[in-house]
Amino acid sequence: GSLQSPGDGYLRTVTVFPGHGIGPELTAAAQRVVDATNAPVEWEVVDNITNKLTPEAYASLRKNHVALKGEFQVGVGKGSMNSINVELRREMELYANVVHSFPLPGTNPRHEGVDIVMIRESTEGEYSGMEHEVAPGITEALKVMTKAGTRRIAEYAFEYAYLNRRGKVTAVHKANIMKRADGLFLDSCREVAKNYPNVKYEEVIVDNCMMQLVSKPQQFDVMVTPNFYGSLVSNVVAGLVGGPGLVPGATIGKETAIFEQGARHLASDIAGTNTANPTGMLFAAVMMLRHIRLPVFADSVEDALFYVLEHGSRPRDIGGNASLSEFVDAVCEHINK
Amino acid sequence: STGPTFTPGEPFRATLFPGDGIGPEISEAVQRIFEVAKVPIEWDHQIISGHVVNKDGDLISEEALNSVRQNGVGLKGPFGTPIGTGHRSLNLTLRKALNLYANVRPCVSVKGYETKYKNVDVVTIRENTEGEYSGLEHEVVKGVVENVKVITRHASERIAHYAFEYAHQHGRKTVCAVHKATIMKIVDGLFLECCREAAAKYPDIKYEEMVMDKAMLTMAANPTYFDVMVMPNLYGDIASDLAAGLIGGLGLTPSGNIGEDASVFEAVHGTAPDIQGQDKANPTALLLSGCMMLRHVGHPEKADAIQDAALGVIADGRWRTGDLGGSARCSEFTQAVIDRINI
Ligand SMILES: Nc1ncnc2c1ncn2[C@@H]1O[C@H](COP(=O)(O)OP(=O)(O)OP(=O)(O)O)[C@@H](O)[C@H]1O
Ligand SMILES: Nc1ncnc2c1ncn2[C@@H]1O[C@H](COP(=O)(O)OP(=O)(O)OP(=O)(O)O)[C@@H](O)[C@H]1O
Ligand SMILES: [Mg+2]
Ligand SMILES: [Mg+2]
């Protein structure tokens, strides 16, 4: 449906998947902060998910088109259940994962001045789920790349760069080895690049990319990646700017957008201890408010976050001593000032 | 292992591939330093170039390969990239011909050469023969391409065992197997199974597992966490380059390719044509690769002496080469290392 402007009483309903690990604490924090702005948002919490997605989960998403999400736990090794995070992205065709790392006050980053937007293909590649044992002791897994899938992500990346006035897109690949699979990805990027003469286009091999990221990360702007390399890039970049708790992300399809931590971890080691850093998730809520066209409320949360990170007490993973709830209290307090 | 065995402390022969570009200069430096350090080595020079195809149409002659097989070890400078197509890369030829199944890269922070990361001391051990580099790819229907990743029990057991044996022999405490068995449950699951089996045989070495995403996060944020890491091919390729980036790049990083028939130690940087023949190259990566070779053949005290001298010269700061922000010549750096050994 068409969205109307704020103040008209038009209420947006947002699905919430608290997920597992620190997910419930993070999504609750985001809800509190959005509520503090008095944005016209109501929540539909789907929290009964243990090892598979329920029909209600899909129904809620198909109705609301927008969600906040914590990470769902996954199994390791043969015979363990398939990742429901991956299933959700496939089923809803959430093909673009966008992770934005940028400098924040009050953090102590490894590298200064890093501002990278990573755009990662999220439905194909190494996550095909097609694997088998060919003969005893010999196993194979298929990486699947398609023209349609690579075109779609390349178009998303360049359109993002263009609309957000970012100067450069760098494609990450291993086409020197995977000549056809990653070659297809590069072909698509090159084709799309031609349509954006004002956006500079570069390519980097994934191993060299990692070396560059830990030595001169400021050289990167927008990065576009196939599925697996993206999971690595988003984590390295989170590491560079101060940790996984700081970076927001979204996974987006034609109809639906899910907002979440950029570096998706359960963090079972600190779950339930009220110590997680909600900053990344709160910035994800900012992205969400803009997405549902409530920019004024988004600005209000963003300003509060910058203010509290700079002047208030900070979460523990970045050297402060605020608990999660104390930090969220401070953000809400600043919003209400 | 079918190659020759080495007796600690005894003289030995090694094949030397000076290589292209700056290869001959840095090889010369390594030979001078080894001589002064009284390493009981006899070099067997094999002049192979990435740009010259031999009479069999191959880039590496059977004679050169036999030299490495006989000696059991080789040290190699950078080879130029073959011009035109139809030839296997030299590295691939060496790897296949000599069964070089493990790529080992110790990355240790170099004192006096500052990066954003302090006290890094990590060894990446990469499976070198299979995985994502199978070369099996096809177009299923128009616009749909499949690439096959192959993981076998044989190769996984071999690399896992090597990693623990390396940790054991080098006094390392922890081996971390890096995987993505959350998604590739069967193939990476098999790799993990083999790592667990090897771990059970080395009760004194702590064993842990980490998903590749989290390993990358940890390497970028807190790399001192790691000790020895063992990985399938692609993850190892990526993590080893990242690790080199932590300490200042490929100019400082040694590597070894360990095989069943022989092992080849090499500097992983390129031929640096821009400074070739100008006495400006930094021989450190090749020299430290030579030190790995010395440890491999049972001369650990020689390796320590040479390594201490080289790192001491870099820390001192007066004789750094251009790539480390200094202005010393390769020959001046080399002389400084020699002077330190002679003290
Ligand atoms: N929001 C956050 N605030 C503080 N620390 C975080 C946050 N998110 C992740 N982390 C930390 O990042 C690290 C990586 O996460 P984690 O350990 O969850 O990895 P994982 O691969 O998801 O698996 P698991 O939790 O099952 O071990 C952990 O040390 C975790 O505490
Ligand atoms: N050992 C070294 N000492 C000093 N500088 C080096 C060394 N190795 C590489 N460099 C420098 O690093 C940069 C990249 O080097 P590299 O050898 O990879 O060049 P390249 O042109 O890619 O060569 P190749 O085609 O052989 O890979 C160059 O500027 C080079 O001078
Ligand atoms: Mg590499
Ligand atoms: Mg090069």
# chains A, B, ... in the order shown; residues from 1 in each chain; ligands from 1
call {"tool": "residues_around", "arguments": {"residues": "Gln307 (chain B)", "least_positions_apart": "3", "cutoff": "10 Å", "atoms": "only C-alpha atoms", "output": "PyMOL selection string"}}
result
chain B and resi 284+287-292+301-304+310-313+337+341
call {"tool": "residues_around", "arguments": {"residues": "Val41 (chain A)", "least_positions_apart": "6", "cutoff": "8 Å", "atoms": "only C-alpha atoms", "output": "list in words"}}
result
Leu11, Arg12, Thr13, Val14, Val34 and Asp35 of chain A
call {"tool": "write_last_selection", "arguments": {"atoms": "C-alpha atoms", "output": "compact mmCIF listing (two decimals), in the first residue's frame"}}
result
# COMPACT_ATOMS: atom_id res chain seq x y z
CA LEU A 11 0.12 3.20 11.89
CA ARG A 12 2.88 0.94 10.57
CA THR A 13 3.00 -2.60 11.91
CA VAL A 14 6.46 -4.11 12.17
CA VAL A 34 11.43 3.56 18.70
CA ASP A 35 8.57 3.75 21.20
call {"tool": "closest_atom_pairs", "arguments": {"of": "chain B", "to": "ligand 3", "cutoff": "10 Å", "atoms": "only C-alpha atoms and all ligand atoms", "output": "JSON lines"}}
result
{"residue": "B:Asn233", "atom": "CA", "partner": "ligand 3", "partner_atom_place_in_ligand_line": "1 (Mg)", "distance": 9.9}
{"residue": "B:Leu234", "atom": "CA", "partner": "ligand 3", "partner_atom_place_in_ligand_line": "1 (Mg)", "distance": 8.5}
{"residue": "B:Tyr235", "atom": "CA", "partner": "ligand 3", "partner_atom_place_in_ligand_line": "1 (Mg)", "distance": 9.7}
{"residue": "B:Gly236", "atom": "CA", "partner": "ligand 3", "partner_atom_place_in_ligand_line": "1 (Mg)", "distance": 8.2}
{"residue": "B:Asp237", "atom": "CA", "partner": "ligand 3", "partner_atom_place_in_ligand_line": "1 (Mg)", "distance": 4.5}
{"residue": "B:Ile238", "atom": "CA", "partner": "ligand 3", "partner_atom_place_in_ligand_line": "1 (Mg)", "distance": 6.1}
{"residue": "B:Ala239", "atom": "CA", "partner": "ligand 3", "partner_atom_place_in_ligand_line": "1 (Mg)", "distance": 8.5}
{"residue": "B:Ser240", "atom": "CA", "partner": "ligand 3", "partner_atom_place_in_ligand_line": "1 (Mg)", "distance": 7.0}
{"residue": "B:Asp241", "atom": "CA", "partner": "ligand 3", "partner_atom_place_in_ligand_line": "1 (Mg)", "distance": 5.7}
{"residue": "B:Leu242", "atom": "CA", "partner": "ligand 3", "partner_atom_place_in_ligand_line": "1 (Mg)", "distance": 9.1}
{"residue": "B:Val268", "atom": "CA", "partner": "ligand 3", "partner_atom_place_in_ligand_line": "1 (Mg)", "distance": 8.7}
call {"tool": "write_last_selection", "arguments": {"atoms": "N, CA, C and O atoms", "output": "PDB file, in the first residue's frame"}}
result
ATOM      1  N   ASN B 233      41.085 -25.159   1.810  1.00  0.00           N
ATOM      2  CA  ASN B 233      41.843 -24.357   0.850  1.00  0.00           C
ATOM      3  C   ASN B 233      41.455 -22.869   0.775  1.00  0.00           C
ATOM      4  O   ASN B 233      42.275 -21.992   1.041  1.00  0.00           O
ATOM      5  N   LEU B 234      40.193 -22.582   0.429  1.00  0.00           N
ATOM      6  CA  LEU B 234      39.794 -21.180   0.222  1.00  0.00           C
ATOM      7  C   LEU B 234      39.884 -20.364   1.514  1.00  0.00           C
ATOM      8  O   LEU B 234      40.377 -19.226   1.510  1.00  0.00           O
ATOM      9  N   TYR B 235      39.424 -20.924   2.612  1.00  0.00           N
ATOM     10  CA  TYR B 235      39.466 -20.182   3.870  1.00  0.00           C
ATOM     11  C   TYR B 235      40.918 -19.883   4.238  1.00  0.00           C
ATOM     12  O   TYR B 235      41.240 -18.810   4.753  1.00  0.00           O
ATOM     13  N   GLY B 236      41.788 -20.877   3.968  1.00  0.00           N
ATOM     14  CA  GLY B 236      43.208 -20.706   4.273  1.00  0.00           C
ATOM     15  C   GLY B 236      43.835 -19.632   3.398  1.00  0.00           C
ATOM     16  O   GLY B 236      44.658 -18.829   3.859  1.00  0.00           O
ATOM     17  N   ASP B 237      43.445 -19.603   2.146  1.00  0.00           N
ATOM     18  CA  ASP B 237      43.943 -18.592   1.222  1.00  0.00           C
ATOM     19  C   ASP B 237      43.592 -17.195   1.757  1.00  0.00           C
ATOM     20  O   ASP B 237      44.441 -16.312   1.872  1.00  0.00           O
ATOM     21  N   ILE B 238      42.338 -17.035   2.123  1.00  0.00           N
ATOM     22  CA  ILE B 238      41.846 -15.738   2.588  1.00  0.00           C
ATOM     23  C   ILE B 238      42.470 -15.359   3.933  1.00  0.00           C
ATOM     24  O   ILE B 238      42.999 -14.261   4.109  1.00  0.00           O
ATOM     25  N   ALA B 239      42.451 -16.298   4.880  1.00  0.00           N
ATOM     26  CA  ALA B 239      42.956 -15.983   6.218  1.00  0.00           C
ATOM     27  C   ALA B 239      44.463 -15.738   6.214  1.00  0.00           C
ATOM     28  O   ALA B 239      44.963 -14.911   6.972  1.00  0.00           O
ATOM     29  N   SER B 240      45.196 -16.433   5.351  1.00  0.00           N
ATOM     30  CA  SER B 240      46.651 -16.240   5.358  1.00  0.00           C
ATOM     31  C   SER B 240      47.010 -14.861   4.803  1.00  0.00           C
ATOM     32  O   SER B 240      47.943 -14.218   5.293  1.00  0.00           O
ATOM     33  N   ASP B 241      46.282 -14.398   3.806  1.00  0.00           N
ATOM     34  CA  ASP B 241      46.549 -13.044   3.305  1.00  0.00           C
ATOM     35  C   ASP B 241      46.146 -11.993   4.334  1.00  0.00           C
ATOM     36  O   ASP B 241      46.848 -11.002   4.531  1.00  0.00           O
ATOM     37  N   LEU B 242      45.030 -12.226   4.993  1.00  0.00           N
ATOM     38  CA  LEU B 242      44.626 -11.284   6.045  1.00  0.00           C
ATOM     39  C   LEU B 242      45.708 -11.223   7.132  1.00  0.00           C
ATOM     40  O   LEU B 242      46.113 -10.132   7.559  1.00  0.00           O
ATOM     41  N   VAL B 268      56.189 -15.043  -0.733  1.00  0.00           N
ATOM     42  CA  VAL B 268      54.939 -15.012  -1.483  1.00  0.00           C
ATOM     43  C   VAL B 268      54.692 -13.699  -2.208  1.00  0.00           C
ATOM     44  O   VAL B 268      53.683 -13.543  -2.874  1.00  0.00           O
TER      45      VAL B 268
END
call {"tool": "residues_around", "arguments": {"residues": "Glu112 (chain A)", "least_positions_apart": "2", "cutoff": "10 Å", "atoms": "only C-alpha atoms", "output": "number ranges by chain"}}
result
A: 102-104, 108-110, 114-115, 217-218, 240-241
call {"tool": "write_last_selection", "arguments": {"atoms": "N, CA, C and O atoms", "output": "compact mmCIF listing (two decimals), in the first residue's frame"}}
result
# COMPACT_ATOMS: atom_id res chain seq x y z
N PHE A 102 30.61 2.69 9.87
CA PHE A 102 31.00 4.10 9.78
C PHE A 102 31.56 4.54 11.13
O PHE A 102 31.32 3.90 12.15
N PRO A 103 32.30 5.63 11.14
CA PRO A 103 32.94 6.07 12.39
C PRO A 103 31.90 6.54 13.40
O PRO A 103 30.95 7.24 13.05
N LEU A 104 32.08 6.13 14.64
CA LEU A 104 31.18 6.54 15.71
C LEU A 104 31.99 7.20 16.82
O LEU A 104 33.10 6.75 17.11
N ASN A 108 36.60 3.04 20.07
CA ASN A 108 38.04 3.05 19.94
C ASN A 108 38.41 2.13 18.79
O ASN A 108 38.86 1.01 19.00
N PRO A 109 38.19 2.61 17.55
CA PRO A 109 38.33 1.70 16.42
C PRO A 109 39.79 1.34 16.15
O PRO A 109 40.69 2.11 16.46
N ARG A 110 40.00 0.17 15.57
CA ARG A 110 41.34 -0.22 15.10
C ARG A 110 41.83 0.74 14.03
O ARG A 110 43.00 1.04 13.94
N VAL A 114 36.92 4.79 8.66
CA VAL A 114 36.41 3.74 7.77
C VAL A 114 34.91 3.98 7.55
O VAL A 114 34.16 4.12 8.51
N ASP A 115 34.50 4.08 6.32
CA ASP A 115 33.08 4.24 6.00
C ASP A 115 32.77 3.35 4.80
O ASP A 115 32.97 3.76 3.65
N PRO A 217 41.95 0.21 5.00
CA PRO A 217 40.52 0.05 4.74
C PRO A 217 39.86 1.31 4.17
O PRO A 217 38.80 1.23 3.56
N GLN A 218 40.51 2.46 4.35
CA GLN A 218 39.89 3.72 3.90
C GLN A 218 39.76 3.78 2.38
O GLN A 218 39.04 4.61 1.85
N LEU A 240 37.12 -3.92 12.31
CA LEU A 240 37.93 -2.72 12.12
C LEU A 240 37.36 -1.51 12.83
O LEU A 240 38.09 -0.66 13.34
N VAL A 241 36.02 -1.38 12.83
CA VAL A 241 35.43 -0.16 13.37
C VAL A 241 35.11 -0.26 14.86
O VAL A 241 34.61 0.69 15.45
call {"tool": "atom_distance", "arguments": {"atom1": "CA of Asp121 (chain B)", "atom2": "CA of Gly248 (chain B)"}}
result
12.9 Å
call {"tool": "closest_atom_pairs", "arguments": {"of": "chain B", "to": "ligand 4", "cutoff": "9 Å", "atoms": "only C-alpha atoms and all ligand atoms", "output": "JSON lines"}}
result
{"residue": "B:Gly80", "atom": "CA", "partner": "ligand 4", "partner_atom_place_in_ligand_line": "1 (Mg)", "distance": 9.0}
{"residue": "B:Thr81", "atom": "CA", "partner": "ligand 4", "partner_atom_place_in_ligand_line": "1 (Mg)", "distance": 8.9}
{"residue": "B:Val268", "atom": "CA", "partner": "ligand 4", "partner_atom_place_in_ligand_line": "1 (Mg)", "distance": 8.9}
{"residue": "B:His269", "atom": "CA", "partner": "ligand 4", "partner_atom_place_in_ligand_line": "1 (Mg)", "distance": 6.3}
{"residue": "B:Gly270", "atom": "CA", "partner": "ligand 4", "partner_atom_place_in_ligand_line": "1 (Mg)", "distance": 4.2}
{"residue": "B:Thr271", "atom": "CA", "partner": "ligand 4", "partner_atom_place_in_ligand_line": "1 (Mg)", "distance": 6.9}
{"residue": "B:Ala272", "atom": "CA", "partner": "ligand 4", "partner_atom_place_in_ligand_line": "1 (Mg)", "distance": 7.3}
call {"tool": "closest_residue", "arguments": {"among": "B:Glu208, B:Glu114, B:Glu332, B:Glu130", "to": "ligand 1", "atoms": "only C-alpha atoms and all ligand atoms"}}
result
B:Glu208
call {"tool": "residues_near_ligand", "arguments": {"ligand": "ligand 1", "cutoff": "6 Å", "atoms": "only C-alpha atoms and all ligand atoms", "output": "number ranges by chain"}}
result
A: 244-245, 265-270, 276-278, 317; B: 211, 214
call {"tool": "select_by_dssp", "arguments": {"residues": "region 102-297 of chain B", "states": "alpha helix (DSSP H)", "output": "PyMOL selection string"}}
result
chain B and resi 153-169+187-200+212-221+233-247+284-296
call {"tool": "residues_around", "arguments": {"residues": "Arg69 (chain B)", "least_positions_apart": "6", "cutoff": "8 Å", "atoms": "only C-alpha atoms", "output": "number ranges by chain"}}
result
B: 3, 98, 261-262
call {"tool": "write_last_selection", "arguments": {"atoms": "C-alpha atoms", "output": "short mmCIF file (atom, residue, chain, number, x, y, z; two decimals), in the first residue's frame"}}
result
data_model
loop_
_atom_site.label_atom_id
_atom_site.label_comp_id
_atom_site.auth_asym_id
_atom_site.auth_seq_id
_atom_site.Cartn_x
_atom_site.Cartn_y
_atom_site.Cartn_z
CA GLY B 3 61.13 -37.91 0.41
CA LEU B 98 55.64 -32.59 -5.63
CA ASP B 261 57.81 -35.94 -1.66
CA ALA B 262 59.52 -32.66 -0.82
#
call {"tool": "residues_near_ligand", "arguments": {"ligand": "ligand 2", "cutoff": "10 Å", "atoms": "only C-alpha atoms and all ligand atoms", "output": "PyMOL selection string"}}
result
chain B and resi 19-23+25-26+50+77-82+249-253+267-276+279-286+321-324+329-330
call {"tool": "interface_residues", "arguments": {"of": "chain A", "to": "chain B", "cutoff": "6 Å", "atoms": "only C-alpha atoms", "output": "VMD selection string"}}
result
chain A and resid 75 to 78 137 to 147 181 207 210 to 211 214 to 215 231 to 232 235 to 236 239 to 240
call {"tool": "write_last_selection", "arguments": {"atoms": "N, CA and C atoms", "output": "mmCIF file, in the first residue's frame"}}
result
data_model
loop_
_atom_site.group_PDB
_atom_site.id
_atom_site.type_symbol
_atom_site.label_atom_id
_atom_site.label_comp_id
_atom_site.auth_asym_id
_atom_site.auth_seq_id
_atom_site.Cartn_x
_atom_site.Cartn_y
_atom_site.Cartn_z
ATOM 1 N N GLY A 75 22.757 -25.211 13.519
ATOM 2 C CA GLY A 75 23.486 -26.420 13.915
ATOM 3 C C GLY A 75 24.789 -26.526 13.147
ATOM 4 N N VAL A 76 25.715 -27.308 13.682
ATOM 5 C CA VAL A 76 27.013 -27.510 13.022
ATOM 6 C C VAL A 76 27.148 -28.967 12.598
ATOM 7 N N GLY A 77 27.567 -29.184 11.354
ATOM 8 C CA GLY A 77 27.945 -30.520 10.901
ATOM 9 C C GLY A 77 26.807 -31.364 10.360
ATOM 10 N N LYS A 78 27.216 -32.562 9.913
ATOM 11 C CA LYS A 78 26.325 -33.503 9.241
ATOM 12 C C LYS A 78 25.094 -33.821 10.090
ATOM 13 N N GLY A 137 34.142 -41.102 2.072
ATOM 14 C CA GLY A 137 35.313 -40.253 2.239
ATOM 15 C C GLY A 137 35.485 -39.184 1.174
ATOM 16 N N ILE A 138 34.550 -39.074 0.244
ATOM 17 C CA ILE A 138 34.643 -38.020 -0.780
ATOM 18 C C ILE A 138 33.327 -37.243 -0.812
ATOM 19 N N THR A 139 33.391 -35.966 -0.492
ATOM 20 C CA THR A 139 32.163 -35.179 -0.438
ATOM 21 C C THR A 139 32.248 -33.985 -1.385
ATOM 22 N N GLU A 140 31.085 -33.544 -1.836
ATOM 23 C CA GLU A 140 31.017 -32.401 -2.744
ATOM 24 C C GLU A 140 29.941 -31.417 -2.287
ATOM 25 N N ALA A 141 30.220 -30.150 -2.462
ATOM 26 C CA ALA A 141 29.201 -29.124 -2.236
ATOM 27 C C ALA A 141 29.146 -28.245 -3.474
ATOM 28 N N LEU A 142 27.956 -27.818 -3.828
ATOM 29 C CA LEU A 142 27.817 -27.004 -5.035
ATOM 30 C C LEU A 142 27.641 -25.537 -4.687
ATOM 31 N N LYS A 143 28.399 -24.720 -5.398
ATOM 32 C CA LYS A 143 28.186 -23.280 -5.334
ATOM 33 C C LYS A 143 27.440 -22.925 -6.614
ATOM 34 N N VAL A 144 26.322 -22.268 -6.470
ATOM 35 C CA VAL A 144 25.489 -21.971 -7.635
ATOM 36 C C VAL A 144 25.417 -20.470 -7.852
ATOM 37 N N MET A 145 25.757 -20.042 -9.039
ATOM 38 C CA MET A 145 25.674 -18.614 -9.359
ATOM 39 C C MET A 145 24.802 -18.476 -10.605
ATOM 40 N N THR A 146 23.919 -17.484 -10.597
ATOM 41 C CA THR A 146 23.072 -17.301 -11.768
ATOM 42 C C THR A 146 23.228 -15.905 -12.335
ATOM 43 N N LYS A 147 22.909 -15.826 -13.618
ATOM 44 C CA LYS A 147 22.930 -14.533 -14.292
ATOM 45 C C LYS A 147 21.947 -13.589 -13.593
ATOM 46 N N ALA A 181 32.050 -19.418 -12.207
ATOM 47 C CA ALA A 181 31.093 -18.978 -11.186
ATOM 48 C C ALA A 181 31.332 -17.513 -10.825
ATOM 49 N N ASP A 207 41.206 -12.597 -1.371
ATOM 50 C CA ASP A 207 42.294 -12.711 -0.389
ATOM 51 C C ASP A 207 43.053 -11.393 -0.269
ATOM 52 N N MET A 210 41.082 -8.878 1.806
ATOM 53 C CA MET A 210 41.204 -8.985 3.270
ATOM 54 C C MET A 210 42.491 -8.335 3.753
ATOM 55 N N MET A 211 43.566 -8.534 2.978
ATOM 56 C CA MET A 211 44.836 -7.911 3.355
ATOM 57 C C MET A 211 44.709 -6.387 3.309
ATOM 58 N N VAL A 214 42.614 -4.903 6.335
ATOM 59 C CA VAL A 214 43.266 -4.732 7.636
ATOM 60 C C VAL A 214 44.456 -3.783 7.575
ATOM 61 N N SER A 215 44.878 -3.374 6.372
ATOM 62 C CA SER A 215 45.975 -2.410 6.330
ATOM 63 C C SER A 215 45.544 -1.015 5.863
ATOM 64 N N SER A 231 29.958 -12.497 3.916
ATOM 65 C CA SER A 231 29.923 -12.779 5.354
ATOM 66 C C SER A 231 31.290 -12.475 5.957
ATOM 67 N N LEU A 232 32.340 -12.635 5.158
ATOM 68 C CA LEU A 232 33.688 -12.358 5.661
ATOM 69 C C LEU A 232 33.938 -10.858 5.710
ATOM 70 N N ASN A 235 32.167 -9.054 8.567
ATOM 71 C CA ASN A 235 32.777 -9.307 9.873
ATOM 72 C C ASN A 235 34.126 -8.614 10.032
ATOM 73 N N VAL A 236 34.931 -8.633 8.984
ATOM 74 C CA VAL A 236 36.225 -7.936 9.068
ATOM 75 C C VAL A 236 35.989 -6.448 9.303
ATOM 76 N N GLY A 239 35.020 -5.714 12.723
ATOM 77 C CA GLY A 239 36.210 -5.783 13.567
ATOM 78 C C GLY A 239 37.033 -4.509 13.489
ATOM 79 N N LEU A 240 37.123 -3.923 12.307
ATOM 80 C CA LEU A 240 37.933 -2.720 12.118
ATOM 81 C C LEU A 240 37.356 -1.506 12.828
#
call {"tool": "closest_residue", "arguments": {"among": "A:Ala36, A:Ile252, A:Val134, A:Ile119", "to": "Pro226 (chain A)", "atoms": "only C-alpha atoms"}}
result
A:Ile119
call {"tool": "residues_around", "arguments": {"residues": "Thr275 (chain A)", "least_positions_apart": "6", "cutoff": "7 Å", "atoms": "only C-alpha atoms", "output": "list in words"}}
result
Arg316, Ser323 and Leu324 of chain A
call {"tool": "select_by_dssp", "arguments": {"residues": "region 31-235 of chain A", "states": "strand (DSSP E or B)", "output": "ChimeraX atom specification"}}
result
/A:41-45,66-69,96-101,116-121,125,131-135,138-146,168-173,200-205,222-225
call {"tool": "residues_around", "arguments": {"residues": "region 154-164 of chain A", "least_positions_apart": "4", "cutoff": "7 Å", "atoms": "only C-alpha atoms", "output": "list of chain:residue names"}}
result
A:Ile119, A:Thr150, A:Val169, A:Ser188, A:Cys189, A:Val192, A:Val199, A:Val222, A:Val224
call {"tool": "closest_residue", "arguments": {"among": "A:Ile22, A:Ala285, A:Met223, A:Leu184", "to": "Pro248 (chain A)", "atoms": "only C-alpha atoms"}}
result
A:Ala285
call {"tool": "residues_around", "arguments": {"residues": "region 13-15 of chain B", "least_positions_apart": "6", "cutoff": "10 Å", "atoms": "only C-alpha atoms", "output": "ChimeraX atom specification"}}
result
/B:40-46,64-76,264,293,297
call {"tool": "closest_residue", "arguments": {"among": "B:Val122, B:Met229, B:Met210, B:Val110", "to": "Val175 (chain B)", "atoms": "only C-alpha atoms"}}
result
B:Met229
call {"tool": "decode", "arguments": {"residues": "region 75-79 of chain B", "atoms": "all heavy atoms", "output": "compact mmCIF listing (two decimals), in the first residue's frame"}}
result
# COMPACT_ATOMS: atom_id res chain seq x y z
N LEU B 75 64.19 -23.73 -1.95
CA LEU B 75 63.86 -22.35 -1.59
C LEU B 75 63.61 -21.61 -2.90
O LEU B 75 64.37 -21.77 -3.85
CB LEU B 75 65.03 -21.70 -0.83
CG LEU B 75 64.80 -20.27 -0.35
CD1 LEU B 75 63.72 -20.24 0.73
CD2 LEU B 75 66.10 -19.68 0.20
N LYS B 76 62.55 -20.82 -2.92
CA LYS B 76 62.18 -20.24 -4.22
C LYS B 76 61.84 -18.77 -4.11
O LYS B 76 61.15 -18.33 -3.19
CB LYS B 76 61.05 -21.11 -4.79
CG LYS B 76 59.81 -20.46 -5.20
CD LYS B 76 58.81 -21.43 -5.80
CE LYS B 76 57.91 -20.69 -6.76
NZ LYS B 76 57.42 -19.41 -6.31
N GLY B 77 62.34 -18.01 -5.06
CA GLY B 77 61.97 -16.61 -5.21
C GLY B 77 60.71 -16.52 -6.05
O GLY B 77 60.14 -17.53 -6.44
N PRO B 78 60.28 -15.32 -6.37
CA PRO B 78 59.04 -15.16 -7.16
C PRO B 78 59.26 -15.52 -8.63
O PRO B 78 60.30 -15.23 -9.21
CB PRO B 78 58.74 -13.67 -7.02
CG PRO B 78 60.08 -13.03 -6.77
CD PRO B 78 60.88 -14.02 -6.00
N PHE B 79 58.27 -16.18 -9.21
CA PHE B 79 58.29 -16.45 -10.65
C PHE B 79 57.38 -15.46 -11.35
O PHE B 79 56.29 -15.16 -10.87
CB PHE B 79 57.77 -17.86 -10.94
CG PHE B 79 58.73 -18.96 -10.61
CD1 PHE B 79 58.29 -20.11 -9.99
CD2 PHE B 79 60.07 -18.86 -10.95
CE1 PHE B 79 59.16 -21.15 -9.70
CE2 PHE B 79 60.96 -19.90 -10.65
CZ PHE B 79 60.50 -21.04 -10.02
